[in-house]
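Inspection log for the structure reproduced underneath, given as structure tokens.
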Amino acid sequence: MGNLCGCMKVDQSTVAIKEKFGKFDDVLEPGFHCVPWCLGSRVAGHLSLRVQQLDVRCETKTKDNVFVNVVASIQYRALADKANEAFYKLSNTRSQIQAYVFDVIRAYVPKLNLDNTFEQKKDIAKAVEDELEKAMSAYGYEIVQTLIVDIEPDEHVKRAMNEINAAARMRVAANDKAEAEKILQIKRAEGEAESKYLAGLGIARQRQAIVDGLRDSVLGFSVNVPGTTAKDVMDMVLVTQYFDTMKEIGAASKSSAVFIPHGPGAVRDVATQIRDGLLQASSQH
């Protein structure tokens, strides 16, 4: 009934293009309107004012001869004050935008190497947006935002890039491991050197204590037993230690058999050797 009377409504975020006898007459905003068809008026069509999105995939080649697919996301909308231009000047808005995106990307990306293409995504998007804004404003459209959402190299190139990255990471890991092993070896060597140094100090102090004890024993025995010399006392002490050592070797359950020449001459030789060694150690200290 409304159509017969020339009445109609326009939805929110939409405008209607009114013509009179086939010529543009007015832009009808959202609401209720009378379009008397009997007077030659009619609605030629509707135009959405909502933000629309167009994803464009463009294949191109970088400066270092790598083919990539650049995916651009274009957000645009028709301007209400230029609705007649947006409606009449373009028959296929999406194809027009796609053509401009192809033109800009294929002119910009070949100037960049592959790595720079990834780093300059924002610059590429800005170049596309500037060109679209300049071109589409004449047709009554506004470019809200332009994004480069993806850059996809050829599958073989991606595999090679991953292998290069993996090799670089393995090289860094190997260097870190070698450095850690180097530090461990240095610390281990420092510990061994310190241990040997302390062991040497302990042995030196032990020998000095033995020499001091023997000296005190010899001096004390010479004082308490008149007529004995230091050599006599030393020989007796060494013989006593010799027999104590033989006793310990025999008493040890896990000791191996030890063949030692035994007799008065052997005892004299052992005493002479031990005495000379102790006296030499005492003189060096």
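Chain labels follow the order of the structure tokens: the first chain is A, the next B, and so on; residue numbering restarts at 1 in every chain, and ligands are counted from 1 in their shown order.
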Next on the checklist: Set the distance at 6 Å and use only C-alpha atoms: which residues neighbour stretch 141-153 of chain A once local chain neighbours fewer than 6 positions away are removed? I'd like the list as a PyMOL selection string.
Outcome noted: chain A and resi 68-79+125+129+133
Next on the checklist: Env of A:Phe102: 9 Å cut, atoms = only C-alpha atoms, seq-sep filter 3 positions within chain, self excluded. Answer as a ChimeraX atom specification.
Outcome noted: /A:56-60,97-99,105-107
Output C-alpha atoms of each residue in that selection to a file, as a compact mmCIF listing (two decimals), in the first residue's frame.
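Generated file (selection-v4.txt):
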# COMPACT_ATOMS: atom_id res chain seq x y z
CA VAL A 56 43.30 -7.85 -1.35
CA ARG A 57 45.97 -10.47 -2.06
CA CYS A 58 48.67 -9.22 -4.41
CA GLU A 59 51.59 -11.26 -5.74
CA THR A 60 54.77 -9.33 -6.46
CA ILE A 97 40.03 -0.28 -4.89
CA GLN A 98 41.70 -3.57 -5.74
CA ALA A 99 43.25 -2.08 -8.87
CA ILE A 105 52.13 -2.57 -3.93
CA ARG A 106 53.70 -3.64 -7.23
CA ALA A 107 55.43 -0.27 -7.48
Checklist entry - Which distance in Å separates atom CA of A:Ile124 and atom CA of A:Lys89, to one decimal? => result 27.7 Å
Checklist entry - What are the DSSP alpha helix (DSSP H) residues of stretch 121-223 of chain A, as a ChimeraX atom specification? => result /A:121-136,155-223
Write the residues of the preceding selection, restricted to C-alpha atoms, as a tab-separated table (two decimals), in the first residue's frame.
chain	number	residue	atom	x	y	z
A	121	LYS	CA	54.91	-3.05	6.52
A	122	LYS	CA	53.64	0.21	7.98
A	123	ASP	CA	55.31	2.23	5.24
A	124	ILE	CA	53.72	0.05	2.57
A	125	ALA	CA	50.32	0.41	4.20
A	126	LYS	CA	50.77	4.20	4.42
A	127	ALA	CA	51.65	4.40	0.71
A	128	VAL	CA	48.57	2.36	-0.23
A	129	GLU	CA	46.31	4.45	2.01
A	130	ASP	CA	47.59	7.77	0.66
A	131	GLU	CA	47.04	6.68	-2.94
A	132	LEU	CA	43.58	5.31	-2.22
A	133	GLU	CA	42.54	8.37	-0.24
A	134	LYS	CA	43.55	10.64	-3.08
A	135	ALA	CA	41.83	8.53	-5.75
A	136	MET	CA	38.64	7.43	-3.94
A	155	GLU	CA	57.10	-21.97	0.46
A	156	HIS	CA	60.68	-22.88	-0.49
A	157	VAL	CA	61.87	-19.46	0.63
A	158	LYS	CA	60.05	-19.81	3.95
A	159	ARG	CA	61.68	-23.19	4.52
A	160	ALA	CA	65.11	-21.75	3.73
A	161	MET	CA	64.53	-18.81	6.06
A	162	ASN	CA	63.53	-21.17	8.87
A	163	GLU	CA	66.64	-23.28	8.29
A	164	ILE	CA	68.87	-20.20	8.38
A	165	ASN	CA	67.22	-19.04	11.58
A	166	ALA	CA	67.55	-22.50	13.14
A	167	ALA	CA	71.23	-22.68	12.16
A	168	ALA	CA	71.91	-19.27	13.68
A	169	ARG	CA	70.22	-20.28	16.93
A	170	MET	CA	72.17	-23.54	17.05
A	171	ARG	CA	75.40	-21.63	16.51
A	172	VAL	CA	74.59	-19.30	19.40
A	173	ALA	CA	73.67	-22.28	21.59
A	174	ALA	CA	76.95	-24.02	20.70
A	175	ASN	CA	78.94	-20.89	21.56
A	176	ASP	CA	77.13	-20.59	24.90
A	177	LYS	CA	77.75	-24.27	25.67
A	178	ALA	CA	81.45	-23.96	24.78
A	179	GLU	CA	81.76	-20.87	26.97
A	180	ALA	CA	80.10	-22.69	29.86
A	181	GLU	CA	82.43	-25.69	29.47
A	182	LYS	CA	85.40	-23.32	29.35
A	183	ILE	CA	84.32	-21.70	32.62
A	184	LEU	CA	83.85	-25.15	34.22
A	185	GLN	CA	87.32	-26.26	33.13
A	186	ILE	CA	88.88	-23.06	34.46
A	187	LYS	CA	87.07	-23.41	37.78
A	188	ARG	CA	87.99	-27.11	37.97
A	189	ALA	CA	91.67	-26.30	37.28
A	190	GLU	CA	91.62	-23.52	39.86
A	191	GLY	CA	90.09	-25.94	42.39
A	192	GLU	CA	92.68	-28.62	41.66
A	193	ALA	CA	95.50	-26.09	41.95
A	194	GLU	CA	94.15	-24.83	45.26
A	195	SER	CA	93.70	-28.41	46.49
A	196	LYS	CA	97.25	-29.37	45.55
A	197	TYR	CA	98.58	-26.19	47.15
A	198	LEU	CA	96.78	-26.94	50.41
A	199	ALA	CA	97.89	-30.59	50.25
A	200	GLY	CA	101.47	-29.43	49.79
A	201	LEU	CA	101.19	-27.16	52.80
A	202	GLY	CA	99.79	-30.06	54.85
A	203	ILE	CA	102.61	-32.40	53.84
A	204	ALA	CA	105.24	-29.74	54.58
A	205	ARG	CA	103.73	-29.09	58.02
A	206	GLN	CA	103.52	-32.83	58.71
A	207	ARG	CA	107.18	-33.33	57.86
A	208	GLN	CA	108.16	-30.34	59.93
A	209	ALA	CA	106.22	-31.72	62.87
A	210	ILE	CA	107.99	-35.08	62.53
A	211	VAL	CA	111.39	-33.39	62.41
A	212	ASP	CA	110.55	-31.22	65.42
A	213	GLY	CA	109.32	-34.25	67.38
A	214	LEU	CA	112.38	-36.30	66.58
A	215	ARG	CA	114.62	-33.40	67.53
A	216	ASP	CA	112.87	-32.97	70.88
A	217	SER	CA	113.06	-36.74	71.54
A	218	VAL	CA	116.78	-36.84	70.78
A	219	LEU	CA	117.53	-33.83	72.98
A	220	GLY	CA	115.39	-35.16	75.85
A	221	PHE	CA	116.95	-38.67	75.71
A	222	SER	CA	120.49	-37.23	75.60
A	223	VAL	CA	119.82	-35.17	78.72
Next on the checklist: Just want the 9 Å neighbourhood of A:Asp11, counted on only C-alpha atoms, with same-chain residues fewer than 4 positions away dropped. Output as number ranges by chain.
Outcome noted: A: 15, 29-31
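We find atom CA of A:Lys9 and atom CA of A:Ser41 to be spaced 14.9 Å apart.
Picture a line from atom CA of A:Ile17 to atom CA of A:Tyr139; it runs 15.3 Å.
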Checklist entry - Out of stretch 32-92 of chain A, which residues get strand (DSSP E) from DSSP, as a count of residues only? => result 33
Polymer residues at most 7 Å from A:Pro110, only C-alpha atoms, same-chain spacing of 2 or more positions, as a PDB file with C-alpha atoms, in the first residue's frame:
ATOM      1  CA  LYS A  61      58.555  -9.680  -6.437  1.00  0.00           C
ATOM      2  CA  THR A  62      61.053  -8.104  -4.060  1.00  0.00           C
ATOM      3  CA  LYS A  63      64.335  -6.465  -4.998  1.00  0.00           C
ATOM      4  CA  ARG A 106      53.703  -3.641  -7.231  1.00  0.00           C
ATOM      5  CA  ALA A 107      55.432  -0.274  -7.479  1.00  0.00           C
ATOM      6  CA  TYR A 108      56.633  -0.131  -3.858  1.00  0.00           C
ATOM      7  CA  LEU A 112      62.791  -3.446  -1.079  1.00  0.00           C
TER       8      LEU A 112
END
